[in-house]
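Take a look at the structure below.
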Amino acid sequence: MNEPRPIRALASISHWLPFALIGAALLPLAHAVLAGETLFWGLPTLQFYPWREFAFAELRAGRLPAWNPYLGAGAPLLANYQTAIFYPPNWLMFVLPGPLAMSWVALAHVLWAALGMWRLAGALGAATLGRGISALSYALGGYLIARLGSFPTYDAAAWLPWVIWLAHRAVTRRAWQEAGGLALTVGLLLLAGHAQTAWYGLLGAGAYALWRVLWADRGATRRARARGLALAGLGVALGAGVAAVQLVPTTEYLRQSDRSGGLDYAALTNLSYHPARLLTLLMPHFFGTPADGSVFTEGIFFEDAAYLGVIPLIAAGAAFVAWLSSRNAPPDPALVTVPFWAALALAGLFLAAGKHNPVFRPFYDHVPTFDAFREPVRWLILTHLGLTLLAGIGAAHWGRGPRVVFWSRLAAAGGVGMALMALGARAFADLALPELDTMALAAAAFGGWIAAAALLTLVQPLDQAATARSTLWRVAVLLVVTLDLAGFAAGLNPTVPSSFFDRREVAGPPGRVYWFDDYQYDVTFGTDEDEAPPVEGFFDVGDYRIAGRRREELRASLLPNLNLLDRVPALDNNDPLVPEVHRRYVALVEELGAGAGALLRAAGVTRAFGVTPDGWTGATPAVAPSADGATTWLVAAAQWRDSDEAISATLRDPAWDPAQTVILAGDAPLSAEGIWPYGPTEGGEASSPGSISFLKDYPTERHFRVTTDAPTYLVFAETWYPGWSATVNGAPAPILRANLAFQAVTVPAGESEVVFRYRITNFGMGAAISAGALIAALALLGLRVVRRGPGAG
């Protein structure tokens, strides 16, 4: 019998309502963006926008953004994975002003994450209500929404449900087009710009595919299961190929970077999930929220956030209970995967504990990739995935039997009582400590959501058929979930006018700036209250309001990487990867502190900000080795050293003057007569160097005219890195590694034209692989070849 039209209309609400509710939850932020504001707190300001603004400015000028001359005395830009210029949604920056484009792309990814989770939950057999709960709790849950401004993290996480959904289809349907779709999705995941999220997600997807083939689909033939697994593997391999244009330069950068040998254990495990944080799965603001500055514990709120919502957490528990109860019954497709998602959620929680987990150190020592990524707390992405899927499956098992009714009545009464007691304590008790007030408010909120969940259980229709009452009840459930998660997220993604990121003219001497590490940290994040004098950091992780209030001071600060917006070069570099030679040089500067004047001059630094033991504070001008403050100069004398340790020892010598002597890596080559033909070496007399003029100055290409009376060295204080080449008067010239981290070439007497060029090694190969893999993936996607015969699914 056909249902009445009004009933069908009401039933259809459940399909689009989750997305409408997400839109409503995002409405305040969308309104701010429409009004010309943009996300800015933390990483958008210090990393993502400066990188991308410069990269897309280079693209608009017709140049490949291969090199960034404004950070770290020069560093790879395209190879910086989080710049993500090959990620198609970021191309919106060609159309809209950059800050607004980034914010709109971020908001779009919230809806995309929800749609992917809706698809995945449906493929696993979740009912309509469950799919809505999964979509809401994944896209608006704490792990993701608190990281909305960490653009590459959210962008990559938005693709994870899609990857698992298509991997599921590949191993169950075993069709060629599923491999093509999986390839495109994996490619976009890898291009989104966050390797850690992508790697953890691919591990989860791979584990699911294996589990599905080896356990859940045991009824299929071995050949059919092998075919499905092979198609999934083909999809992942082609996806990596699609992303090769990014992965090839990034892999080279990783080999040349400070992370090439792995990360130090203490630094890697700095942000580990403390067991006490489990309380925040129930009461997310129990330890405060940076939205109002009430945080009173160590750590970073958005890194520890894992709140799923009270109803989704209850539903996840219901899924596990239903699975336990049905193990001896005929298999329910929606419950078959429950043990896997429960194990995945627990595994993520186990690994997120990091240094609080005694097993983590052996993993770090012996398991590949465990020494490659910082912050174990980010394993919580697997917990987030597992719990949201359990919530979707468990929603169909939200029963209303006599026991459930009994406990729901108790929970309703207890929740209301808890909320009233907590609010009463805040109103009438003397909660002298602000921490107690914060915890009382969190307890009140938890009590309220428990009471709401219990009341929804008590009014749940016994008949879940598509009736007006059952549809309205499902609408109420989704609305309560949305209000819970929106309340958690309020204030976690502050905005400022997009003009904050406009380029400004900066007065000051030419040359680079440098922030000493400790001082930079204090100015950026603040000091503890018991330190004297206390410093209020712009990006105090316990109070997001400070950055907005002090935004003009922040914008004018020249903190790295904000300096990039105004094209002020810096020796500092806040990129996730930095060349190893750069790291060693900066470590030497930090070691010498106030005694690092020669090193700063050798890096072209003319302004240094810092506090050193002998009281050097504030902006301190230095004298650049060249008269115009540029980062190139001529030196007549050289000293050769055969190791970095020997070079560092020479650079520590207070008598060393970079304007007079360049320290070169390697053994001094000799001419046929046994004499080094370019200027004096150890102990030689330095002659008058000559003069330099600029002919062309692009990020990847610098042309100089050099005039000198005798053979000499042209020192180019740009980071030494593979891919740089040089010519002198049109002839190739070897680039010498100078002063530990920089470049130099030899120049003959007379007038010479010297050209330095940077080209990404093997970039053409990466682009060709991407083109081939993309064509193959699209061809597979267009096929309609479905396997027939025994075991076909």
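Labeling convention for the structure tokens: chains A, B, ... as they appear, residues from 1 per chain, ligands from 1 in order of appearance.
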Please identify all polymer residues within 8 Å of Pro152 in chain A, counting only C-alpha atoms, omitting same-chain residues fewer than 3 positions from it, and present them as a list of chain:residue names.
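So the residues in contact are A:Gln82, A:Ala84, A:Asp155, A:Ala156, A:Ala192, A:Gly193, A:His194.
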Excluding range 735-738 of chain A and residues on its chain fewer than 6 positions from it, collect all residues at most 9 Å away from it, counting only C-alpha atoms, and give them as a count of residues only.
15
What lies within 10 Å of Gly149 in chain A using only C-alpha atoms, ignoring chain neighbours under 4 positions off, as a ChimeraX atom specification?
/A:38-45,48,102-103,106-107,144-145,153-154,492-495
For the residues in that selection, give me C-alpha atoms as a short mmCIF file (atom, residue, chain, number, x, y, z; two decimals), in the first residue's frame.
data_model
loop_
_atom_site.label_atom_id
_atom_site.label_comp_id
_atom_site.auth_asym_id
_atom_site.auth_seq_id
_atom_site.Cartn_x
_atom_site.Cartn_y
_atom_site.Cartn_z
CA THR A 38 38.03 35.05 7.85
CA LEU A 39 39.37 32.31 10.07
CA PHE A 40 42.73 33.34 11.49
CA TRP A 41 43.54 31.89 14.92
CA GLY A 42 46.89 30.12 15.07
CA LEU A 43 48.00 28.19 12.02
CA PRO A 44 46.08 30.15 9.34
CA THR A 45 48.04 33.23 10.41
CA PHE A 48 48.75 28.42 5.84
CA MET A 102 40.34 29.56 2.53
CA SER A 103 37.38 30.07 4.85
CA ALA A 106 36.98 25.07 5.08
CA LEU A 107 33.20 25.39 5.45
CA LEU A 144 37.41 17.91 13.51
CA ILE A 145 35.48 21.08 14.31
CA THR A 153 44.00 18.47 8.75
CA TYR A 154 40.28 18.99 8.26
CA LEU A 492 36.50 27.75 18.82
CA ASN A 493 36.94 29.28 15.36
CA PRO A 494 37.27 33.06 15.79
CA THR A 495 37.47 35.39 12.81
#
Can you tell me, as a list in words, what residues are no more than 7 Å from range 758-761 of chain A when counting only C-alpha atoms, ignoring any on the same chain fewer than 4 positions away?
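Neighbouring residues, sequence-local ones excluded: Ala66, Pro249, Thr700, Glu701, Gly723, Trp724 and Ser725 of chain A.
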What does the file look like for those residues with N, CA and C atoms, as an mmCIF file, in the first residue's frame?
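And here's selection.cif as it stands now:
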data_model
loop_
_atom_site.group_PDB
_atom_site.id
_atom_site.type_symbol
_atom_site.label_atom_id
_atom_site.label_comp_id
_atom_site.auth_asym_id
_atom_site.auth_seq_id
_atom_site.Cartn_x
_atom_site.Cartn_y
_atom_site.Cartn_z
ATOM 1 N N ALA A 66 58.198 27.307 -6.646
ATOM 2 C CA ALA A 66 59.089 26.240 -6.201
ATOM 3 C C ALA A 66 59.869 26.620 -4.949
ATOM 4 N N PRO A 249 58.473 15.920 -4.952
ATOM 5 C CA PRO A 249 59.284 16.971 -4.310
ATOM 6 C C PRO A 249 59.238 16.918 -2.792
ATOM 7 N N THR A 700 63.212 32.038 -7.813
ATOM 8 C CA THR A 700 63.980 30.879 -8.259
ATOM 9 C C THR A 700 65.104 31.244 -9.217
ATOM 10 N N GLU A 701 65.349 32.513 -9.398
ATOM 11 C CA GLU A 701 66.383 32.919 -10.347
ATOM 12 C C GLU A 701 66.944 34.279 -9.956
ATOM 13 N N GLY A 723 69.033 21.123 -6.277
ATOM 14 C CA GLY A 723 68.178 21.782 -7.261
ATOM 15 C C GLY A 723 68.700 23.151 -7.662
ATOM 16 N N TRP A 724 69.577 23.732 -6.834
ATOM 17 C CA TRP A 724 70.201 24.996 -7.205
ATOM 18 C C TRP A 724 71.371 24.728 -8.155
ATOM 19 N N SER A 725 71.498 25.565 -9.161
ATOM 20 C CA SER A 725 72.643 25.515 -10.074
ATOM 21 C C SER A 725 73.115 26.938 -10.319
#
Could you name the residues that touch Gly772 in chain A at 8 Å or less, counting only C-alpha atoms, but leaving out those on the same chain fewer than 3 positions away, as a compact mmCIF listing (two decimals) with N, CA and C atoms, in the first residue's frame?
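Now in result.txt:
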# COMPACT_ATOMS: atom_id res chain seq x y z
N GLY A 241 49.86 7.63 -7.26
CA GLY A 241 50.37 8.15 -8.51
C GLY A 241 49.75 9.49 -8.89
N VAL A 242 48.45 9.63 -8.67
CA VAL A 242 47.78 10.91 -8.94
C VAL A 242 48.44 12.04 -8.15
N ALA A 768 54.56 13.71 -14.74
CA ALA A 768 54.20 12.69 -15.72
C ALA A 768 53.50 11.51 -15.06
N ILE A 769 53.99 11.10 -13.90
CA ILE A 769 53.34 10.01 -13.18
C ILE A 769 51.91 10.40 -12.82
N ILE A 775 44.85 9.64 -15.82
CA ILE A 775 44.20 9.09 -17.01
C ILE A 775 43.73 7.66 -16.74
N ALA A 776 44.59 6.87 -16.09
CA ALA A 776 44.21 5.48 -15.78
C ALA A 776 43.02 5.42 -14.83
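Pairwise distance (CA of Ala771 in chain A, CA of Ala55 in chain A) equals 21.7 Å.
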Per DSSP on the backbone, what are the helix (DSSP H, G or I) residues of range 521-625 of chain A, as a ChimeraX atom specification?
/A:521-525,545-549,551-555,562-566,580-595,597-602
Requested write-out: N, CA and C atoms of the selected residues, as a CSV table (one decimal), in the first residue's frame:
chain,number,residue,atom,x,y,z
A,521,TYR,N,58.8,32.1,21.2
A,521,TYR,CA,57.8,31.3,21.8
A,521,TYR,C,56.9,32.1,22.8
A,522,ASP,N,57.6,32.9,23.6
A,522,ASP,CA,56.9,33.7,24.6
A,522,ASP,C,56.0,34.7,24.0
A,523,VAL,N,56.4,35.4,22.9
A,523,VAL,CA,55.6,36.4,22.3
A,523,VAL,C,54.4,35.7,21.6
A,524,THR,N,54.6,34.5,21.1
A,524,THR,CA,53.6,33.8,20.3
A,524,THR,C,52.6,33.2,21.3
A,525,PHE,N,53.0,32.5,22.3
A,525,PHE,CA,52.1,31.7,23.1
A,525,PHE,C,52.0,32.1,24.5
A,545,ARG,N,40.6,34.7,22.7
A,545,ARG,CA,40.2,36.0,22.6
A,545,ARG,C,41.3,37.0,22.5
A,546,ILE,N,42.5,36.6,23.0
A,546,ILE,CA,43.6,37.6,23.0
A,546,ILE,C,44.0,38.0,21.6
A,547,ALA,N,44.1,37.0,20.7
A,547,ALA,CA,44.6,37.3,19.4
A,547,ALA,C,43.7,38.3,18.6
A,548,GLY,N,42.4,38.1,18.8
A,548,GLY,CA,41.5,39.0,18.2
A,548,GLY,C,41.6,40.4,18.8
A,549,ARG,N,41.7,40.5,20.1
A,549,ARG,CA,41.9,41.8,20.8
A,549,ARG,C,43.1,42.5,20.4
A,551,ARG,N,44.9,42.1,17.5
A,551,ARG,CA,45.3,41.7,16.2
A,551,ARG,C,46.1,42.7,15.5
A,552,GLU,N,46.0,44.0,15.7
A,552,GLU,CA,46.8,45.0,15.1
A,552,GLU,C,48.3,44.8,15.5
A,553,GLU,N,48.5,44.6,16.8
A,553,GLU,CA,49.9,44.3,17.3
A,553,GLU,C,50.4,43.1,16.6
A,554,LEU,N,49.6,42.0,16.6
A,554,LEU,CA,50.0,40.8,16.0
A,554,LEU,C,50.4,41.0,14.5
A,555,ARG,N,49.6,41.7,13.8
A,555,ARG,CA,49.8,41.8,12.4
A,555,ARG,C,51.1,42.6,12.1
A,562,LEU,N,54.4,35.3,9.5
A,562,LEU,CA,53.6,36.5,9.1
A,562,LEU,C,54.5,37.5,8.3
A,563,ASN,N,55.8,37.5,8.5
A,563,ASN,CA,56.7,38.3,7.7
A,563,ASN,C,56.5,38.1,6.2
A,564,LEU,N,56.1,36.9,5.8
A,564,LEU,CA,56.0,36.5,4.4
A,564,LEU,C,54.9,37.4,3.7
A,565,LEU,N,53.9,37.8,4.4
A,565,LEU,CA,52.8,38.6,3.8
A,565,LEU,C,53.4,39.9,3.3
A,566,ASP,N,54.3,40.5,4.1
A,566,ASP,CA,54.9,41.8,3.7
A,566,ASP,C,56.2,41.7,3.0
A,580,GLU,N,68.0,20.4,6.8
A,580,GLU,CA,68.9,20.0,7.9
A,580,GLU,C,70.0,21.0,8.1
A,581,VAL,N,70.6,21.5,7.0
A,581,VAL,CA,71.7,22.5,7.2
A,581,VAL,C,71.2,23.8,7.8
A,582,HIS,N,69.9,24.2,7.5
A,582,HIS,CA,69.3,25.3,8.2
A,582,HIS,C,69.1,25.1,9.7
A,583,ARG,N,68.6,23.9,10.0
A,583,ARG,CA,68.4,23.6,11.4
A,583,ARG,C,69.7,23.7,12.2
A,584,ARG,N,70.8,23.1,11.6
A,584,ARG,CA,72.1,23.2,12.3
A,584,ARG,C,72.6,24.6,12.5
A,585,TYR,N,72.4,25.4,11.4
A,585,TYR,CA,72.9,26.8,11.5
A,585,TYR,C,72.1,27.6,12.6
A,586,VAL,N,70.8,27.4,12.6
A,586,VAL,CA,70.0,28.1,13.7
A,586,VAL,C,70.3,27.6,15.0
A,587,ALA,N,70.6,26.3,15.2
A,587,ALA,CA,71.0,25.7,16.5
A,587,ALA,C,72.3,26.4,17.0
A,588,LEU,N,73.2,26.7,16.0
A,588,LEU,CA,74.4,27.3,16.4
A,588,LEU,C,74.2,28.8,16.8
A,589,VAL,N,73.3,29.5,16.1
A,589,VAL,CA,72.9,30.8,16.5
A,589,VAL,C,72.3,30.8,17.9
A,590,GLU,N,71.4,29.9,18.2
A,590,GLU,CA,70.8,29.8,19.5
A,590,GLU,C,71.8,29.5,20.6
A,591,GLU,N,72.8,28.6,20.3
A,591,GLU,CA,73.8,28.3,21.2
A,591,GLU,C,74.7,29.5,21.6
A,592,LEU,N,75.0,30.3,20.6
A,592,LEU,CA,75.9,31.4,20.9
A,592,LEU,C,75.1,32.7,21.5
A,593,GLY,N,73.8,32.7,21.2
A,593,GLY,CA,73.0,33.8,21.8
A,593,GLY,C,73.6,35.2,21.4
A,594,ALA,N,73.9,36.0,22.4
A,594,ALA,CA,74.4,37.4,22.1
A,594,ALA,C,75.7,37.3,21.4
A,595,GLY,N,76.4,36.2,21.5
A,595,GLY,CA,77.7,36.1,20.7
A,595,GLY,C,77.5,35.7,19.3
A,597,GLY,N,76.6,37.4,16.7
A,597,GLY,CA,76.6,38.5,15.8
A,597,GLY,C,77.1,38.2,14.4
A,598,ALA,N,78.3,37.5,14.3
A,598,ALA,CA,78.9,37.1,13.1
A,598,ALA,C,78.0,36.1,12.3
A,599,LEU,N,77.4,35.2,13.0
A,599,LEU,CA,76.5,34.2,12.3
A,599,LEU,C,75.3,34.9,11.8
A,600,LEU,N,74.7,35.9,12.5
A,600,LEU,CA,73.6,36.6,12.0
A,600,LEU,C,73.9,37.5,10.8
A,601,ARG,N,75.1,38.1,10.8
A,601,ARG,CA,75.5,38.9,9.7
A,601,ARG,C,75.7,37.9,8.5
A,602,ALA,N,76.3,36.7,8.7
A,602,ALA,CA,76.5,35.8,7.6
A,602,ALA,C,75.2,35.3,7.0
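Considering the residues A:Ala123, A:Ala79, A:Ala35, A:Leu210 and counting only C-alpha atoms, Arg173 in chain A has its shortest atom-to-atom contact with A:Ala123.
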Need the shell around Ala486 in chain A: protein/DNA/RNA residues with any atom at most 7 Å away, counting only C-alpha atoms. Skip same-chain ones fewer than 4 positions apart. Format as a ChimeraX atom specification?
/A:25,482,490
Same residues, all heavy atoms, output as a PDB file, in the first residue's frame:
ATOM      1  N   ALA A  25      24.273  25.003  11.950  1.00  0.00           N
ATOM      2  CA  ALA A  25      25.335  25.105  12.958  1.00  0.00           C
ATOM      3  C   ALA A  25      26.479  25.988  12.470  1.00  0.00           C
ATOM      4  O   ALA A  25      27.137  26.679  13.261  1.00  0.00           O
ATOM      5  CB  ALA A  25      25.858  23.707  13.306  1.00  0.00           C
ATOM      6  N   THR A 482      22.744  18.115  17.175  1.00  0.00           N
ATOM      7  CA  THR A 482      23.322  19.329  16.593  1.00  0.00           C
ATOM      8  C   THR A 482      23.536  20.412  17.641  1.00  0.00           C
ATOM      9  O   THR A 482      24.589  21.065  17.681  1.00  0.00           O
ATOM     10  CB  THR A 482      22.412  19.863  15.479  1.00  0.00           C
ATOM     11  OG1 THR A 482      22.199  18.839  14.516  1.00  0.00           O
ATOM     12  CG2 THR A 482      23.035  21.066  14.803  1.00  0.00           C
ATOM     13  N   ALA A 490      31.133  26.442  19.947  1.00  0.00           N
ATOM     14  CA  ALA A 490      30.977  27.899  19.987  1.00  0.00           C
ATOM     15  C   ALA A 490      32.274  28.578  20.416  1.00  0.00           C
ATOM     16  O   ALA A 490      32.847  28.255  21.455  1.00  0.00           O
ATOM     17  CB  ALA A 490      29.845  28.270  20.935  1.00  0.00           C
TER      18      ALA A 490
END
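One distance worth recording is that between CA of Val310 in chain A and CA of His168 in chain A, which is 28.3 Å.
Nearest to Gly764 in chain A of all the residues A:Ser326, A:Gln246, A:Asn561, A:Asn90 is A:Gln246, counting only C-alpha atoms.
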Take CA of Asn762 in chain A and CA of Leu78 in chain A and report the distance between them in Å, one decimal.
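Between these atoms lies a distance of 13.0 Å.
Within 9 Å of Gly142 in chain A, once only C-alpha atoms are used and residues closer than 2 positions along the same chain are dropped, the contacting residues are Ser137, Tyr138, Ala139, Leu140, Leu144, Ile145, Ala146, Arg147, Pro284, Phe302, Asp304, Ala305, Ala306, Tyr307, Leu308, Gly309, His384, Leu485, Phe488 and Ala489 of chain A.
Proximity of A:Leu46, A:Ala556, A:Ala749, A:Ala391 to Ala315 in chain A, computed with only C-alpha atoms, is greatest for A:Ala391.
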Measuring between only C-alpha atoms, which one of A:Ala649, A:Leu120, A:Leu714, A:Leu263 shows the shortest distance to Gln743 in chain A?
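Result for the nearest residue to Gln743 in chain A: A:Leu714.
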